[in-house]
Each structure stands twice: as structure tokens, then as C-alpha cells.
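Remarks on the structure that follows.
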Amino acid sequence: MKKSELIDQLAKDYPHLYHRDIEKVVDVFYNSISQALANGQRVELRGFGAFSTKERGPRIGRNPKTVREWRYQGKNQYITSLVKNSRNVSIVAVNSPINEEW
């Protein structure tokens, strides 16, 4: 689901709220998570999952044809861990057949 689809779904579920207000709330939500991850903090959403970053150190890479070496710089890697129930929902959604009546 894309961000715009999430906003549209929330607007359908809560018709008494303005679309622009829902959009602002979703933007604040995403920006808060992004800012926390950029600061190296862990974000945990109970019943959904957790987001965190892990620093990967520099390493040496090699071209298999020429055997030439070069160095990769270290970088932050994003880690997502879902709670067990969310994993089941995701697997069902991916593996379920398409229903044309929907």
C-alpha cells in the first residue's frame, strides 16, 4: 500500500475528517519515524512491529572478472521486524488469489 492509498483509505473510513487533515497526520507520522531513525533511535509500534538502524562497517569488494579490489564505505542499514500476527497477515495477502468480484 502506498502512502496515497493509505490516505485515501483513511478518508473513506473517517468521512467526517478533511482529506487535507488526514494527509497532514500521515505526513507527521512518517516524518517522525524517519527523523527518529535518522537520529539512530529505535521506533516500536505495539502490535505492528519495530524499526531500527544498524551500522555496517566498511568492507572490501572485488570484481570477479578482474579481481580488482575497492573499498565500500560504511553505511546505515534499516531493519524492520514485524510482530507475529502482522507477518501472517502479510503472507496471506501476498499468497491469496485475486478475487475478481472485489
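Residue numbering restarts at 1 for every chain of the C-alpha cells, chains are lettered A, B, ... in their displayed order, and ligands are numbered from 1 as they appear.
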_Taking only chain A into account, list the residues labelled alpha helix (DSSP H) by DSSP (computed from the backbone), as a count of residues only._
43
*Residue neighbourhood A:Ser34, 12 Å, only C-alpha atoms, exclusion window fewer than 4 positions, as a ChimeraX atom specification*: /A:27-30,38-43,51-53,78
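Going from atom CA of A:Ala11 to atom CA of A:Ala36 covers 26.6 Å.
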*asked:* I'd like to know which residues of stretch 3-92 of chain A are strand (DSSP E) (by DSSP, run on the backbone); could you write them as a PyMOL selection string?
replied: chain A and resi 43-45+49-56+59-62+69-72+75-82
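With only C-alpha atoms as the atoms that count, the residue of A:Val26, A:Gly74, A:Phe48, A:Gln35 with the shortest distance to A:Lys2 is A:Val26.
Using only C-alpha atoms, the shortest contact distance between A:Lys84 and any of A:Arg68, A:Arg46, A:His19, A:Arg59 is found at A:Arg46.
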